[in-house]
Amino acid sequence: MGHILETHFRALKEFAHMQWLKIKYFGIGGYNAKKYWRDRLSHYGTSLKGVGNKYQTEQQNKESYEQAKKTFLSLCKKEKMDFSSIRFLDVGCGAGFYAQLFSENGGRNYTGVDITDSLFATLRAKFSRFHFIRLDVTEQPLPGIFDVIIMIDVTQHITNTEKFSYAMQNIGNHLGEGGVFIVTSWLKGDIKRGFYEVSRSLQRYKREFPGYAFSDPLPFRDKFLFLIRKDNH
């Protein structure tokens with residue numbers, strides 16, 4: 001009985017918190033992503049609670065991210081990626097989890113972009129050879145051509161349909177020939193999940209990338225991870 005009450009209380013607490021966030025970050029123009037992520041990353045710093053599940057402990061987030069890391073690296077290995085020679089773009093670089101992964105596996109040419117520069121000073125100090133640029137992928141062209149572009153736990157936060165399409169076209173325009181885009185999604189259809197998240201179907205991504213090759217989606221934390229390859233022709 002006590003466990004049931006605790007679970008019910010936690011659910012009510014999370015619901016109340018989400019309502020408060022909606023009041024704070026949702027206006028006439030919709031969800032203010034820049035303000036939301038600036039505040040969230042400033043509050044949590046490099047903790048995985050800032051980019052992961054803030055309702056879980058740091059240890060729970062670490063365990064979830066470590067499993068995700070294995071899945072990500074397995075996909076990259078299957079694709080025979082040589083991190084030491086590829087041009088790698090991390091869209092929504094957040095607290096630098098994938099910058100660390102790229103560095104640990106011999107990566108050299110890394111660019112991280114994010115809608116907020118809240119953690120850039122920390123990231124630049126830690127990864128002095130890497131580049132970090134404040135940029136909104138839904139509004140501004142990406143900086144260059146890349147062999148691999150990743151958006152991990154990011155696209156669900158692009159709630160506006162037109163902005164999502166712009167972001168996907170932006171990705172396609174800045175992938176080199178034969179380049180790959182690695183992305184995550186719930187793949188449960190085009191369903192709004194709260195004020196700052198939306199689920200999109202695999203078909204929705206295929207409409208944005210006609211003629212591209214898609215890998216089979218892999219279970220990845222609470223979502224799926226899949227790869228979209230640009231045709232060489």
# chains A, B, ... in the order shown; residues from 1 in each chain; ligands from 1
>>> residues_around(residues="A:Ala33", least_positions_apart="5", cutoff="9 Å", atoms="only C-alpha atoms", output="MDAnalysis selection string")
chainID A and resid 25 38 115 157:158 196
>>> residues_around(residues="A:Phe214", least_positions_apart="2", cutoff="7 Å", atoms="only C-alpha atoms", output="list in words")
Tyr212, Asp216, Leu227, Ile228 and Arg229 of chain A
>>> residues_around(residues="A:Phe226", least_positions_apart="4", cutoff="6 Å", atoms="only C-alpha atoms", output="PDB file with N, CA and C atoms, in the first residue's frame")
ATOM      1  N   ILE A 182      22.622  10.012 -37.448  1.00  0.00           N
ATOM      2  CA  ILE A 182      22.197   9.095 -36.398  1.00  0.00           C
ATOM      3  C   ILE A 182      21.263   9.851 -35.465  1.00  0.00           C
ATOM      4  N   VAL A 183      20.067   9.316 -35.265  1.00  0.00           N
ATOM      5  CA  VAL A 183      19.030  10.069 -34.565  1.00  0.00           C
ATOM      6  C   VAL A 183      18.209   9.138 -33.679  1.00  0.00           C
ATOM      7  N   SER A 215      18.553   2.414 -41.493  1.00  0.00           N
ATOM      8  CA  SER A 215      18.861   1.184 -40.769  1.00  0.00           C
ATOM      9  C   SER A 215      17.638   0.751 -39.969  1.00  0.00           C
ATOM     10  N   PRO A 217      15.643   0.309 -36.664  1.00  0.00           N
ATOM     11  CA  PRO A 217      15.722   0.988 -35.357  1.00  0.00           C
ATOM     12  C   PRO A 217      16.143   0.018 -34.254  1.00  0.00           C
TER      13      PRO A 217
END
>>> residues_around(residues="stretch 174-176 of chain A", least_positions_apart="6", cutoff="12 Å", atoms="only C-alpha atoms", output="list of chain:residue names")
A:Ile86, A:Arg87, A:Phe88, A:Leu89, A:Val137, A:Gln140, A:Pro141, A:Leu142, A:Pro143, A:Gly144, A:Ile145, A:Phe146, A:Asp147, A:Val148, A:Ile149, A:Ile150, A:Ala167, A:Met168, A:Ile182, A:Phe209, A:Tyr212, A:Ile228, A:Arg229, A:Lys230, A:Asp231, A:Asn232, A:His233
>>> write_last_selection(atoms="N, CA and C atoms", output="JSON list (two decimals), in the first residue's frame")
[["chain", "number", "residue", "atom", "x", "y", "z"],
["A", 86, "ILE", "N", 36.86, 11.02, -39.29],
["A", 86, "ILE", "CA", 35.58, 11.59, -39.74],
["A", 86, "ILE", "C", 35.33, 12.99, -39.19],
["A", 87, "ARG", "N", 34.53, 13.74, -39.94],
["A", 87, "ARG", "CA", 34.05, 15.06, -39.49],
["A", 87, "ARG", "C", 32.72, 14.81, -38.78],
["A", 88, "PHE", "N", 32.68, 15.10, -37.50],
["A", 88, "PHE", "CA", 31.58, 14.67, -36.62],
["A", 88, "PHE", "C", 30.87, 15.90, -36.05],
["A", 89, "LEU", "N", 29.54, 15.94, -36.24],
["A", 89, "LEU", "CA", 28.74, 17.05, -35.71],
["A", 89, "LEU", "C", 27.72, 16.51, -34.72],
["A", 137, "VAL", "N", 19.36, 24.70, -34.71],
["A", 137, "VAL", "CA", 19.28, 23.92, -35.94],
["A", 137, "VAL", "C", 17.95, 24.11, -36.66],
["A", 140, "GLN", "N", 18.92, 28.18, -38.15],
["A", 140, "GLN", "CA", 20.19, 28.63, -38.70],
["A", 140, "GLN", "C", 20.93, 27.50, -39.42],
["A", 141, "PRO", "N", 21.57, 27.79, -40.56],
["A", 141, "PRO", "CA", 22.33, 26.77, -41.28],
["A", 141, "PRO", "C", 23.47, 26.22, -40.42],
["A", 142, "LEU", "N", 23.74, 24.94, -40.56],
["A", 142, "LEU", "CA", 24.83, 24.31, -39.82],
["A", 142, "LEU", "C", 26.18, 24.75, -40.39],
["A", 143, "PRO", "N", 27.25, 24.68, -39.58],
["A", 143, "PRO", "CA", 28.55, 25.24, -39.97],
["A", 143, "PRO", "C", 29.46, 24.27, -40.70],
["A", 144, "GLY", "N", 29.15, 23.96, -41.96],
["A", 144, "GLY", "CA", 30.07, 23.12, -42.72],
["A", 144, "GLY", "C", 29.44, 21.83, -43.22],
["A", 145, "ILE", "N", 30.30, 20.94, -43.73],
["A", 145, "ILE", "CA", 29.89, 19.64, -44.24],
["A", 145, "ILE", "C", 30.49, 18.57, -43.33],
["A", 146, "PHE", "N", 29.69, 17.52, -43.03],
["A", 146, "PHE", "CA", 30.12, 16.52, -42.06],
["A", 146, "PHE", "C", 29.88, 15.11, -42.60],
["A", 147, "ASP", "N", 30.70, 14.18, -42.10],
["A", 147, "ASP", "CA", 30.55, 12.77, -42.45],
["A", 147, "ASP", "C", 29.49, 12.10, -41.57],
["A", 148, "VAL", "N", 29.43, 12.52, -40.31],
["A", 148, "VAL", "CA", 28.47, 11.97, -39.36],
["A", 148, "VAL", "C", 27.83, 13.12, -38.59],
["A", 149, "ILE", "N", 26.51, 13.15, -38.56],
["A", 149, "ILE", "CA", 25.76, 14.11, -37.75],
["A", 149, "ILE", "C", 24.88, 13.31, -36.81],
["A", 150, "ILE", "N", 24.89, 13.67, -35.53],
["A", 150, "ILE", "CA", 24.03, 12.97, -34.59],
["A", 150, "ILE", "C", 23.08, 13.96, -33.90],
["A", 167, "ALA", "N", 14.89, 21.68, -39.71],
["A", 167, "ALA", "CA", 16.04, 21.03, -39.07],
["A", 167, "ALA", "C", 16.49, 19.81, -39.86],
["A", 168, "MET", "N", 15.55, 19.00, -40.33],
["A", 168, "MET", "CA", 15.91, 17.81, -41.08],
["A", 168, "MET", "C", 16.53, 18.17, -42.43],
["A", 182, "ILE", "N", 22.62, 10.01, -37.45],
["A", 182, "ILE", "CA", 22.20, 9.10, -36.40],
["A", 182, "ILE", "C", 21.26, 9.85, -35.47],
["A", 209, "PHE", "N", 13.53, 12.53, -45.65],
["A", 209, "PHE", "CA", 14.78, 12.09, -46.29],
["A", 209, "PHE", "C", 14.47, 11.10, -47.43],
["A", 212, "TYR", "N", 17.03, 8.30, -49.13],
["A", 212, "TYR", "CA", 18.09, 7.93, -48.19],
["A", 212, "TYR", "C", 17.85, 6.49, -47.71],
["A", 228, "ILE", "N", 20.45, 7.11, -40.82],
["A", 228, "ILE", "CA", 19.96, 7.52, -42.14],
["A", 228, "ILE", "C", 21.18, 7.88, -42.99],
["A", 229, "ARG", "N", 21.35, 7.15, -44.11],
["A", 229, "ARG", "CA", 22.55, 7.34, -44.93],
["A", 229, "ARG", "C", 22.21, 8.11, -46.21],
["A", 230, "LYS", "N", 23.05, 9.10, -46.51],
["A", 230, "LYS", "CA", 22.90, 9.86, -47.75],
["A", 230, "LYS", "C", 23.46, 9.06, -48.92],
["A", 231, "ASP", "N", 22.70, 9.01, -50.01],
["A", 231, "ASP", "CA", 23.11, 8.27, -51.19],
["A", 231, "ASP", "C", 24.37, 8.88, -51.79],
["A", 232, "ASN", "N", 25.25, 8.04, -52.32],
["A", 232, "ASN", "CA", 26.49, 8.52, -52.95],
["A", 232, "ASN", "C", 26.24, 9.13, -54.31],
["A", 233, "HIS", "N", 25.07, 8.91, -54.89],
["A", 233, "HIS", "CA", 24.83, 9.37, -56.27],
["A", 233, "HIS", "C", 24.10, 10.70, -56.29]]
>>> select_by_dssp(residues="stretch 125-165 of chain A", states="helix (DSSP H, G or I)", output="PDB file with C-alpha atoms, in the first residue's frame")
ATOM      1  CA  ALA A 125      38.178  23.699 -21.043  1.00  0.00           C
ATOM      2  CA  LYS A 126      37.731  19.922 -21.097  1.00  0.00           C
ATOM      3  CA  THR A 155      14.308  15.826 -32.148  1.00  0.00           C
ATOM      4  CA  GLN A 156      11.414  15.148 -29.762  1.00  0.00           C
ATOM      5  CA  HIS A 157      11.968  18.635 -28.351  1.00  0.00           C
ATOM      6  CA  THR A 161       6.234  20.845 -37.527  1.00  0.00           C
ATOM      7  CA  GLU A 162       7.765  23.516 -39.780  1.00  0.00           C
ATOM      8  CA  LYS A 163      10.825  23.854 -37.562  1.00  0.00           C
ATOM      9  CA  PHE A 164      11.280  20.078 -37.535  1.00  0.00           C
ATOM     10  CA  SER A 165      11.237  20.006 -41.345  1.00  0.00           C
TER      11      SER A 165
END
>>> residues_around(residues="A:Tyr44", least_positions_apart="5", cutoff="12 Å", atoms="only C-alpha atoms", output="JSON, numbers by chain")
{"A": [37, 38, 39, 49, 50, 51, 52, 53, 54, 58, 94, 95, 118, 119]}
>>> write_last_selection(atoms="C-alpha atoms", output="PDB file, in the first residue's frame")
ATOM      1  CA  TRP A  37      17.438  24.663 -22.091  1.00  0.00           C
ATOM      2  CA  ARG A  38      19.484  27.615 -20.891  1.00  0.00           C
ATOM      3  CA  ASP A  39      17.831  27.376 -17.493  1.00  0.00           C
ATOM      4  CA  LYS A  49      19.973  14.783 -15.015  1.00  0.00           C
ATOM      5  CA  GLY A  50      20.207  17.924 -17.158  1.00  0.00           C
ATOM      6  CA  VAL A  51      20.090  16.034 -20.457  1.00  0.00           C
ATOM      7  CA  GLY A  52      18.557  12.783 -19.246  1.00  0.00           C
ATOM      8  CA  ASN A  53      15.724  11.983 -16.853  1.00  0.00           C
ATOM      9  CA  LYS A  54      15.657  14.615 -14.127  1.00  0.00           C
ATOM     10  CA  GLU A  58      22.390  10.458 -11.142  1.00  0.00           C
ATOM     11  CA  GLY A  94      24.337  19.414 -23.989  1.00  0.00           C
ATOM     12  CA  ALA A  95      26.673  18.316 -21.206  1.00  0.00           C
ATOM     13  CA  SER A 118      25.429  27.604 -20.828  1.00  0.00           C
ATOM     14  CA  LEU A 119      28.056  24.845 -20.550  1.00  0.00           C
TER      15      LEU A 119
END
>>> select_by_dssp(residues="stretch 1-224 of chain A", states="strand (DSSP E)", output="ChimeraX atom specification")
/A:26-27,30-31,87-91,109-114,131-134,146-151,175-185,191-192,198-199,213-214,218-220,223-224
>>> write_last_selection(atoms="N, CA and C atoms", output="compact mmCIF listing (two decimals), in the first residue's frame")
# COMPACT_ATOMS: atom_id res chain seq x y z
N PHE A 26 5.92 28.49 -21.89
CA PHE A 26 5.04 28.43 -23.05
C PHE A 26 4.30 29.74 -23.20
N GLY A 27 4.46 30.37 -24.38
CA GLY A 27 3.81 31.66 -24.63
C GLY A 27 3.06 31.65 -25.94
N GLY A 30 4.61 29.76 -28.70
CA GLY A 30 4.85 28.36 -28.41
C GLY A 30 5.92 28.17 -27.34
N TYR A 31 6.48 27.00 -27.30
CA TYR A 31 7.49 26.62 -26.31
C TYR A 31 8.81 27.34 -26.57
N ARG A 87 34.53 13.74 -39.94
CA ARG A 87 34.05 15.06 -39.49
C ARG A 87 32.72 14.81 -38.78
N PHE A 88 32.68 15.10 -37.50
CA PHE A 88 31.58 14.67 -36.62
C PHE A 88 30.87 15.90 -36.05
N LEU A 89 29.54 15.94 -36.24
CA LEU A 89 28.74 17.05 -35.71
C LEU A 89 27.72 16.51 -34.72
N ASP A 90 27.71 17.08 -33.53
CA ASP A 90 26.80 16.68 -32.44
C ASP A 90 25.80 17.81 -32.23
N VAL A 91 24.56 17.61 -32.71
CA VAL A 91 23.53 18.64 -32.59
C VAL A 91 22.78 18.44 -31.28
N ASN A 109 38.02 15.42 -35.10
CA ASN A 109 37.32 16.53 -35.76
C ASN A 109 35.87 16.57 -35.27
N TYR A 110 35.66 17.24 -34.16
CA TYR A 110 34.34 17.29 -33.52
C TYR A 110 33.83 18.72 -33.46
N THR A 111 32.57 18.90 -33.80
CA THR A 111 31.87 20.17 -33.60
C THR A 111 30.58 19.89 -32.84
N GLY A 112 30.38 20.61 -31.75
CA GLY A 112 29.15 20.49 -30.99
C GLY A 112 28.35 21.77 -31.11
N VAL A 113 27.08 21.67 -31.43
CA VAL A 113 26.23 22.86 -31.47
C VAL A 113 25.08 22.66 -30.48
N ASP A 114 24.65 23.75 -29.91
CA ASP A 114 23.53 23.70 -28.97
C ASP A 114 22.80 25.02 -29.00
N HIS A 131 35.29 22.03 -31.22
CA HIS A 131 34.62 23.31 -31.47
C HIS A 131 33.18 23.25 -30.94
N PHE A 132 32.77 24.33 -30.27
CA PHE A 132 31.42 24.43 -29.74
C PHE A 132 30.79 25.74 -30.21
N ILE A 133 29.61 25.64 -30.81
CA ILE A 133 28.96 26.79 -31.43
C ILE A 133 27.51 26.88 -30.97
N ARG A 134 27.10 28.05 -30.53
CA ARG A 134 25.69 28.24 -30.19
C ARG A 134 24.90 28.44 -31.48
N PHE A 146 29.69 17.52 -43.03
CA PHE A 146 30.12 16.52 -42.06
C PHE A 146 29.88 15.11 -42.60
N ASP A 147 30.70 14.18 -42.10
CA ASP A 147 30.55 12.77 -42.45
C ASP A 147 29.49 12.10 -41.57
N VAL A 148 29.43 12.52 -40.31
CA VAL A 148 28.47 11.97 -39.36
C VAL A 148 27.83 13.12 -38.59
N ILE A 149 26.51 13.15 -38.56
CA ILE A 149 25.76 14.11 -37.75
C ILE A 149 24.88 13.31 -36.81
N ILE A 150 24.89 13.67 -35.53
CA ILE A 150 24.03 12.97 -34.59
C ILE A 150 23.08 13.96 -33.90
N MET A 151 21.87 13.48 -33.61
CA MET A 151 20.90 14.21 -32.79
C MET A 151 20.32 13.19 -31.82
N LEU A 175 25.29 17.14 -44.84
CA LEU A 175 25.91 15.82 -44.84
C LEU A 175 26.71 15.65 -46.13
N GLY A 176 27.94 15.17 -46.01
CA GLY A 176 28.73 14.88 -47.19
C GLY A 176 28.17 13.65 -47.90
N GLU A 177 28.60 13.42 -49.13
CA GLU A 177 28.13 12.25 -49.89
C GLU A 177 28.49 10.97 -49.13
N GLY A 178 27.50 10.11 -48.95
CA GLY A 178 27.71 8.89 -48.19
C GLY A 178 27.71 9.11 -46.70
N GLY A 179 27.43 10.35 -46.28
CA GLY A 179 27.41 10.67 -44.85
C GLY A 179 26.21 10.07 -44.15
N VAL A 180 26.29 10.00 -42.82
CA VAL A 180 25.20 9.37 -42.07
C VAL A 180 24.68 10.31 -40.98
N PHE A 181 23.41 10.20 -40.76
CA PHE A 181 22.71 10.93 -39.71
C PHE A 181 22.20 9.90 -38.70
N ILE A 182 22.62 10.01 -37.45
CA ILE A 182 22.20 9.10 -36.40
C ILE A 182 21.26 9.85 -35.47
N VAL A 183 20.07 9.32 -35.27
CA VAL A 183 19.03 10.07 -34.57
C VAL A 183 18.21 9.14 -33.68
N THR A 184 17.54 9.70 -32.68
CA THR A 184 16.65 8.92 -31.81
C THR A 184 15.23 9.47 -31.90
N SER A 185 14.27 8.57 -31.67
CA SER A 185 12.86 8.97 -31.64
C SER A 185 12.07 7.87 -30.95
N ILE A 191 2.60 12.11 -32.18
CA ILE A 191 1.82 12.32 -30.95
C ILE A 191 2.53 13.34 -30.06
N LYS A 192 1.80 14.33 -29.61
CA LYS A 192 2.33 15.33 -28.68
C LYS A 192 2.43 14.71 -27.29
N VAL A 198 7.45 15.70 -28.50
CA VAL A 198 6.52 15.12 -29.46
C VAL A 198 7.14 13.84 -30.02
N SER A 199 6.32 12.83 -30.22
CA SER A 199 6.78 11.59 -30.85
C SER A 199 6.49 11.65 -32.34
N ALA A 213 18.93 5.83 -47.28
CA ALA A 213 18.82 4.48 -46.75
C ALA A 213 18.66 4.54 -45.22
N PHE A 214 17.76 3.74 -44.69
CA PHE A 214 17.48 3.72 -43.25
C PHE A 214 17.91 2.37 -42.65
N LEU A 218 17.00 0.51 -33.35
CA LEU A 218 17.47 -0.28 -32.22
C LEU A 218 16.92 0.30 -30.92
N PRO A 219 16.49 -0.52 -29.97
CA PRO A 219 16.06 0.01 -28.67
C PRO A 219 17.18 0.82 -28.03
N PHE A 220 16.84 1.99 -27.52
CA PHE A 220 17.86 2.92 -27.04
C PHE A 220 17.27 3.76 -25.91
N LYS A 223 13.78 5.19 -26.10
CA LYS A 223 13.45 5.48 -27.50
C LYS A 223 14.05 4.42 -28.41
N PHE A 224 14.22 4.79 -29.69
CA PHE A 224 14.91 3.95 -30.68
C PHE A 224 16.00 4.78 -31.34
>>> atom_distance(atom1="atom CA of A:Ser103", atom2="atom CA of A:Phe127")
8.3 Å
>>> residues_around(residues="A:Glu104", least_positions_apart="6", cutoff="12 Å", atoms="only C-alpha atoms", output="list in words")
Lys69, Leu73, Phe83, Ser84, Phe97, Tyr98 and Phe127 of chain A
>>> write_last_selection(atoms="C-alpha atoms", output="compact mmCIF listing (two decimals), in the first residue's frame")
# COMPACT_ATOMS: atom_id res chain seq x y z
CA LYS A 69 26.72 4.19 -25.23
CA LEU A 73 29.19 2.30 -30.47
CA PHE A 83 36.43 8.24 -35.50
CA SER A 84 39.99 9.44 -36.06
CA PHE A 97 28.42 13.04 -23.22
CA TYR A 98 29.03 12.32 -26.92
CA PHE A 127 37.92 19.42 -24.88
